[in-house]
Amino acid sequence: METDSLLTGSVNGVSGDYGSSSGMGVRGAPDNRRMSYSVAGGSCRVERGPDNEELYIQQAVVFIEDAIQYRSINHRVDARSLRLYRWYYSRLCQWGLGLIIAIVLLLAFIERPSSLTITSDPRHRLRPWEPPCGLTESIEMFCLIIFCIDLAVKSYLIGWDEFRKSKWLIGYTAVITVSIIDWVLSVSMVCDEKLRVRRLLRPFFLLQNSSLMKKTLKCIKRTLPEIASVILLLALHLLLFTMIGMLLFAKSEDPKKNGEWRLYFRNMRSSLTSLLVLLTTANNPDVMIPAYSLNRGFAIFFIAFSVIGTYCLMNLLTAIIYNQFRGYLLMSVQTSIIRRRLGVRAAFQVLTCQGSQEAAEEHVRVEVVLKVMSRVQMKSYYREAITMEAQQYVDVGHMDREQFKKIFDELDKDRIKEHPPSPQYNSPVLQKLQMVFSHYYLTILGNVVALANVICICTVLVLNSEKSTAERDNFVIEIINLCFILYYLFEMCVKIFAFGPKGYLSYRNNIFDGFLTILLLVLQITIYVTYRLPYSQWDPALHGVMSLWEMVRLINMLIVFRFLRIIPDIKLMALVASTLLDLVKNLRAFAGILMVVYYVFAVFGIWLFEGAIKPPPEISVLTNTSMENVTSNYSVECGTYEQLEYWPNNFDDFAAAIILLYDVMVVNNWQAFLDAYSRYTTEWSKIYFVCWWLTSSVMWVNLFVALILENFIYKWDRSHSCSVTDVERIRYETSVQLMFREQIQEPTEEELLCQLHQHPHLHLHW
């Protein structure tokens, strides 16, 4: 679960999720004074009791955990609040809160209109199960109570003064309040209301619980002016060509020459819609065929429109989004780095400033640092690295500020996964076999064998493509698969012998390969237990738990899937695959915001278009009739919603709305939806679909492309010095912070001290 930032503001002029304080915790100093700090001659004192060393350690532990998770340190620091704070940010509590958010979002699938049907096609859809009044409402009220507790804990931890500065927490309060009021209205109306405002507000719970999503949303917000300028240019381009098109394809006296006017340029609305769809290439070349069939010169108009709009302006939009968003994301990452440095600096400060003691030189005892590290909740490999760095100062007994900061630089380094050493054999024969079986050529041979297996399966599939399941002879392919599976088992065993069990499992491709090999072996044994020994006259109609063909088909699919083992052995392919994996890990914030946008537009779509499109009665009753009979009873225009049988794509329930929005985002044949909903409802419905296209396809897809480019470029630059074996031997864990590490500016000591001086709850005296 991503950690939540408690505050919103700026740090030293850098925008981000950071709490700026008014300096209320500082005594004897004005808010705007600039501080200087001398390591040799500086001294400090913290207002606490003389025997509270345990409190110092607790504070240092929490500050370091804040630094690890890029959290704000502007929270209460007394012993009781620290215990509550650590419990709140524990894995169990955060996962529980995430589960509650998931539950409240998933309620949309079972609330009225329910999505609990096999199909969304109104011609075949049965009446869905509707939950009784009070079921989903009870679940929702339980979730709202949890959110109230969450809000109360957050508000207490940061204090009232900081709460008033946090727009997110104020918005959290407003959303919970409106949701409770709307819930009361629903219950009082016996769940018969048509409009539930709280459904539209539910995605806010997901946004406010993720600091990454809030930062991403802020970056998107600041990128919008640049995006709007290009979209305005696109609008001018569209309007200009619309007017030219209406002049070129005006209605003439000859009806034979009015095809373009009648279909695409009849009026301003149809002209704009036709060219807007052409901008996405969804109706190309259909839109130009009537005019092109009369005069080939008309093609120049449509080609010029597509070249300027689709290939120039749209790609320019991608470039602008990439450049601007990258800059704002860099600013956000800069704020995260400041948070980390501030957390480490605060931990050092509370460990050195104990009671009323003053020292000519600030330092912290190594044994205290090791004690703190033993309590910090963090990944084991980072703990080991920091502990090893700290133990270098055991002989000295203490470390100064720079040394303390240096040991926590390990948090900014990549994790390099080292494989365990291979087992040592005394026998020369075993040593020779180990050298042979651990050679890279064995992996190449395994890839060649896997390729041969896939080719055999493809050959058999081609030969049997025209045969039914009963006519297929699975004897040959079963014997072939048996031979290959035995080789896979041999390869797995010799690799375990060469690398040892731990060494074998330390390679991710070996885990993938070994799991599928064991699964294939189990399926093969199951076939022989079920069908006895194979022979050429097997009865294809013989069935066990699964038919022979079904089991052979499952084995074939697993063998084809196993062929993906070649990815780590091809450098460029491994680079692309690792980029995709990093996108899955690091772009959760983008996926989360995209899910929020989907959720909001789906709710709006249900409000606006639920039940708007209904199939004609003569189509609904012909469920068992051939298509020829359908068209004879009900004629429709070619290429329309009805003729393409897009009936399952509707807004009759939440799940169907999500799928329809995805279809529009892909923009393939999205003009069919524009036309259908404008006919069944009103022409103004096009505004909804155009807004969704701008949000999803124009803005969000371009943002996604920008982040893919950044991630891939980062991987590509680092891969030049790595061979194929190096890529397999080590694994880099890329994060957004690491991607921009070279462009990040480290905060100065004075900036960190100013932020510590303004801490609202840690009262420091200088």
# chains A, B, ... in the order shown; residues from 1 in each chain; ligands from 1

call {"tool": "select_by_dssp", "arguments": {"residues": "range 394-535 of chain A", "states": "helix (DSSP H, G or I)", "output": "ChimeraX atom specification"}}
result
/A:401-412,428-437,440-463,475-505,508-531

call {"tool": "write_last_selection", "arguments": {"atoms": "C-alpha atoms", "output": "compact mmCIF listing (two decimals), in the first residue's frame"}}
result
# COMPACT_ATOMS: atom_id res chain seq x y z
CA ARG A 401 26.55 14.31 10.81
CA GLU A 402 28.22 13.63 7.47
CA GLN A 403 29.02 10.06 8.41
CA PHE A 404 25.44 9.51 9.62
CA LYS A 405 24.11 10.91 6.35
CA LYS A 406 26.50 8.78 4.33
CA ILE A 407 25.32 5.46 5.76
CA PHE A 408 21.75 6.27 4.71
CA ASP A 409 22.87 6.94 1.14
CA GLU A 410 22.43 3.18 0.77
CA LEU A 411 18.69 3.87 0.46
CA ASP A 412 19.33 5.64 -2.86
CA PRO A 428 36.83 -34.54 -10.51
CA VAL A 429 34.07 -36.20 -12.53
CA LEU A 430 31.37 -34.27 -10.72
CA GLN A 431 33.37 -31.07 -11.10
CA LYS A 432 33.63 -31.65 -14.84
CA LEU A 433 29.89 -32.36 -15.09
CA GLN A 434 29.15 -29.25 -13.03
CA MET A 435 31.22 -27.13 -15.43
CA VAL A 436 29.40 -28.61 -18.43
CA PHE A 437 25.89 -28.26 -17.00
CA TYR A 440 25.64 -20.97 -21.03
CA TYR A 441 25.48 -23.27 -24.04
CA LEU A 442 23.15 -25.59 -22.10
CA THR A 443 20.63 -22.76 -21.88
CA ILE A 444 20.99 -22.12 -25.61
CA LEU A 445 20.42 -25.82 -26.31
CA GLY A 446 17.31 -25.70 -24.10
CA ASN A 447 15.98 -22.75 -26.09
CA VAL A 448 16.57 -24.61 -29.37
CA VAL A 449 14.73 -27.65 -28.02
CA ALA A 450 11.84 -25.47 -26.84
CA LEU A 451 11.68 -23.88 -30.31
CA ALA A 452 11.60 -27.33 -31.91
CA ASN A 453 8.75 -28.31 -29.61
CA VAL A 454 6.74 -25.24 -30.58
CA ILE A 455 7.38 -25.92 -34.28
CA CYS A 456 6.10 -29.50 -33.86
CA ILE A 457 2.94 -28.23 -32.17
CA CYS A 458 2.38 -25.66 -34.94
CA THR A 459 2.84 -28.34 -37.60
CA VAL A 460 0.29 -30.65 -35.97
CA LEU A 461 -2.17 -27.77 -35.53
CA VAL A 462 -1.89 -26.83 -39.19
CA LEU A 463 -2.43 -30.43 -40.30
CA PHE A 475 -1.35 -40.10 -30.28
CA VAL A 476 1.48 -38.52 -32.29
CA ILE A 477 1.50 -35.15 -30.57
CA GLU A 478 1.27 -36.86 -27.18
CA ILE A 479 4.37 -38.98 -27.86
CA ILE A 480 6.24 -35.91 -29.17
CA ASN A 481 5.32 -33.89 -26.08
CA LEU A 482 6.41 -36.75 -23.82
CA CYS A 483 9.91 -36.76 -25.33
CA PHE A 484 10.27 -33.00 -24.97
CA ILE A 485 8.95 -32.98 -21.39
CA LEU A 486 11.48 -35.64 -20.41
CA TYR A 487 14.23 -33.42 -21.80
CA TYR A 488 12.87 -30.43 -19.86
CA LEU A 489 12.95 -32.54 -16.71
CA PHE A 490 16.54 -33.57 -17.46
CA GLU A 491 17.56 -29.95 -18.02
CA MET A 492 15.98 -28.85 -14.74
CA CYS A 493 17.70 -31.64 -12.77
CA VAL A 494 21.18 -30.98 -14.17
CA LYS A 495 20.85 -27.25 -13.51
CA ILE A 496 19.90 -27.97 -9.91
CA PHE A 497 22.96 -30.23 -9.73
CA ALA A 498 25.22 -27.49 -11.18
CA PHE A 499 23.91 -24.46 -9.28
CA GLY A 500 22.41 -26.06 -6.20
CA PRO A 501 18.75 -25.67 -5.16
CA LYS A 502 19.17 -22.10 -3.85
CA GLY A 503 21.29 -21.06 -6.81
CA TYR A 504 18.77 -22.52 -9.25
CA LEU A 505 15.87 -20.70 -7.58
CA ARG A 508 13.68 -15.88 -12.05
CA ASN A 509 13.67 -17.59 -15.45
CA ASN A 510 14.62 -20.87 -13.72
CA ILE A 511 11.63 -20.51 -11.39
CA PHE A 512 9.37 -19.92 -14.38
CA ASP A 513 10.93 -22.78 -16.32
CA GLY A 514 10.93 -25.24 -13.40
CA PHE A 515 7.34 -24.52 -12.40
CA LEU A 516 6.04 -25.15 -15.92
CA THR A 517 8.19 -28.28 -16.26
CA ILE A 518 6.76 -29.77 -13.08
CA LEU A 519 3.24 -28.79 -14.14
CA LEU A 520 3.73 -30.43 -17.55
CA LEU A 521 5.08 -33.56 -15.90
CA VAL A 522 2.06 -33.77 -13.57
CA LEU A 523 -0.34 -33.38 -16.51
CA GLN A 524 1.54 -36.03 -18.48
CA ILE A 525 1.36 -38.48 -15.59
CA THR A 526 -2.35 -37.67 -15.22
CA ILE A 527 -2.91 -38.58 -18.88
CA TYR A 528 -1.26 -41.96 -18.45
CA VAL A 529 -3.11 -42.67 -15.22
CA THR A 530 -6.40 -41.81 -16.94
CA TYR A 531 -5.86 -43.36 -20.36

call {"tool": "atom_distance", "arguments": {"atom1": "CA of Leu594 in chain A", "atom2": "CA of Phe712 in chain A"}}
result
21.2 Å

call {"tool": "atom_distance", "arguments": {"atom1": "CA of Leu82 in chain A", "atom2": "CA of Val350 in chain A"}}
result
14.0 Å

call {"tool": "closest_residue", "arguments": {"among": "A:Glu65, A:Glu253, A:Glu418, A:Asp652", "to": "Met373 in chain A", "atoms": "only C-alpha atoms"}}
result
A:Glu65

call {"tool": "atom_distance", "arguments": {"atom1": "CA of Cys143 in chain A", "atom2": "CA of Ala108 in chain A"}}
result
13.9 Å

call {"tool": "residues_around", "arguments": {"residues": "range 193-203 of chain A", "least_positions_apart": "3", "cutoff": "7 Å", "atoms": "only C-alpha atoms", "output": "ChimeraX atom specification"}}
result
/A:105,175,179,182,186,189,206-207,596,600,603

call {"tool": "write_last_selection", "arguments": {"atoms": "C-alpha atoms", "output": "PDB file, in the first residue's frame"}}
result
ATOM      1  CA  LEU A 105     -15.390   0.907  -5.127  1.00  0.00           C
ATOM      2  CA  VAL A 175     -16.614  13.830   0.791  1.00  0.00           C
ATOM      3  CA  SER A 179     -21.595  10.548   1.357  1.00  0.00           C
ATOM      4  CA  ASP A 182     -26.631  10.868   0.562  1.00  0.00           C
ATOM      5  CA  SER A 186     -31.085   6.545   0.122  1.00  0.00           C
ATOM      6  CA  MET A 189     -36.256   6.462   0.203  1.00  0.00           C
ATOM      7  CA  LEU A 206      -8.509   6.015  -3.526  1.00  0.00           C
ATOM      8  CA  LEU A 207      -6.830   9.284  -4.491  1.00  0.00           C
ATOM      9  CA  VAL A 596     -10.590   6.919 -11.166  1.00  0.00           C
ATOM     10  CA  VAL A 600     -16.263   8.781 -12.849  1.00  0.00           C
ATOM     11  CA  VAL A 603     -21.057   6.688 -13.351  1.00  0.00           C
TER      12      VAL A 603
END

call {"tool": "residues_around", "arguments": {"residues": "range 315-317 of chain A", "least_positions_apart": "2", "cutoff": "9 Å", "atoms": "only C-alpha atoms", "output": "PyMOL selection string"}}
result
chain A and resi 226-227+230-231+309-313+319-322+698-699+702

call {"tool": "closest_residue", "arguments": {"among": "A:Ser271, A:Gln755, A:Ser120, A:Asn669", "to": "Gly343 in chain A", "atoms": "only C-alpha atoms"}}
result
A:Gln755

call {"tool": "closest_residue", "arguments": {"among": "A:Leu707, A:Leu116, A:Ala102, A:Leu92", "to": "Glu130 in chain A", "atoms": "only C-alpha atoms"}}
result
A:Leu116

call {"tool": "residues_around", "arguments": {"residues": "Tyr646 in chain A", "least_positions_apart": "4", "cutoff": "10 Å", "atoms": "only C-alpha atoms", "output": "list in words"}}
result
Asp121, Thr640, Tyr641, Glu642, Asn650, Leu660, Ala672, Phe673 and Ala676 of chain A

call {"tool": "write_last_selection", "arguments": {"atoms": "all heavy atoms", "output": "CSV table (one decimal), in the first residue's frame"}}
result
chain,number,residue,atom,x,y,z
A,121,ASP,N,-25.7,-8.0,-23.3
A,121,ASP,CA,-26.5,-7.9,-24.5
A,121,ASP,C,-28.0,-7.9,-24.0
A,121,ASP,O,-28.5,-8.8,-23.5
A,121,ASP,CB,-26.2,-9.0,-25.4
A,121,ASP,CG,-26.8,-8.8,-26.8
A,121,ASP,OD1,-27.8,-8.0,-26.9
A,121,ASP,OD2,-26.3,-9.3,-27.8
A,640,THR,N,-23.5,0.9,-39.0
A,640,THR,CA,-24.2,1.5,-37.8
A,640,THR,C,-24.1,0.6,-36.6
A,640,THR,O,-23.7,-0.6,-36.7
A,640,THR,CB,-25.6,1.9,-38.1
A,640,THR,OG1,-26.3,0.7,-38.4
A,640,THR,CG2,-25.7,2.8,-39.2
A,641,TYR,N,-24.4,1.1,-35.5
A,641,TYR,CA,-24.5,0.4,-34.2
A,641,TYR,C,-25.3,-0.9,-34.3
A,641,TYR,O,-24.9,-2.0,-33.9
A,641,TYR,CB,-25.0,1.3,-33.1
A,641,TYR,CG,-25.1,0.7,-31.7
A,641,TYR,CD1,-24.1,1.0,-30.8
A,641,TYR,CD2,-26.2,0.0,-31.3
A,641,TYR,CE1,-24.1,0.5,-29.5
A,641,TYR,CE2,-26.3,-0.5,-30.0
A,641,TYR,CZ,-25.2,-0.2,-29.1
A,641,TYR,OH,-25.3,-0.7,-27.9
A,642,GLU,N,-26.4,-0.8,-35.0
A,642,GLU,CA,-27.3,-1.9,-35.1
A,642,GLU,C,-26.8,-3.0,-36.1
A,642,GLU,O,-26.8,-4.2,-35.8
A,642,GLU,CB,-28.7,-1.4,-35.6
A,642,GLU,CG,-29.4,-0.5,-34.6
A,642,GLU,CD,-29.0,0.9,-34.8
A,642,GLU,OE1,-28.1,1.2,-35.6
A,642,GLU,OE2,-29.6,1.8,-34.1
A,650,ASN,N,-23.1,-0.9,-23.9
A,650,ASN,CA,-24.1,0.0,-23.5
A,650,ASN,C,-23.8,0.5,-22.1
A,650,ASN,O,-22.8,0.2,-21.5
A,650,ASN,CB,-25.5,-0.6,-23.5
A,650,ASN,CG,-25.5,-1.9,-22.7
A,650,ASN,OD1,-25.3,-1.9,-21.5
A,650,ASN,ND2,-25.8,-3.0,-23.4
A,660,LEU,N,-17.5,-0.3,-22.6
A,660,LEU,CA,-17.8,0.7,-23.7
A,660,LEU,C,-16.8,1.8,-23.7
A,660,LEU,O,-16.3,2.3,-24.8
A,660,LEU,CB,-19.2,1.2,-23.5
A,660,LEU,CG,-19.8,2.0,-24.7
A,660,LEU,CD1,-21.3,1.9,-24.8
A,660,LEU,CD2,-19.5,3.5,-24.6
A,672,ALA,N,-19.4,4.8,-34.5
A,672,ALA,CA,-20.7,4.1,-34.4
A,672,ALA,C,-21.4,4.4,-33.0
A,672,ALA,O,-22.7,4.6,-33.0
A,672,ALA,CB,-20.5,2.6,-34.4
A,673,PHE,N,-20.7,4.6,-32.0
A,673,PHE,CA,-21.2,5.0,-30.7
A,673,PHE,C,-21.7,6.4,-30.7
A,673,PHE,O,-22.8,6.8,-30.2
A,673,PHE,CB,-20.2,4.8,-29.6
A,673,PHE,CG,-19.8,3.4,-29.4
A,673,PHE,CD1,-18.5,3.0,-29.8
A,673,PHE,CD2,-20.6,2.4,-29.0
A,673,PHE,CE1,-18.0,1.7,-29.7
A,673,PHE,CE2,-20.2,1.0,-28.9
A,673,PHE,CZ,-18.9,0.7,-29.2
A,676,ALA,N,-25.0,6.4,-32.7
A,676,ALA,CA,-26.1,5.7,-32.1
A,676,ALA,C,-26.7,6.5,-30.9
A,676,ALA,O,-27.9,6.7,-30.9
A,676,ALA,CB,-25.6,4.3,-31.6
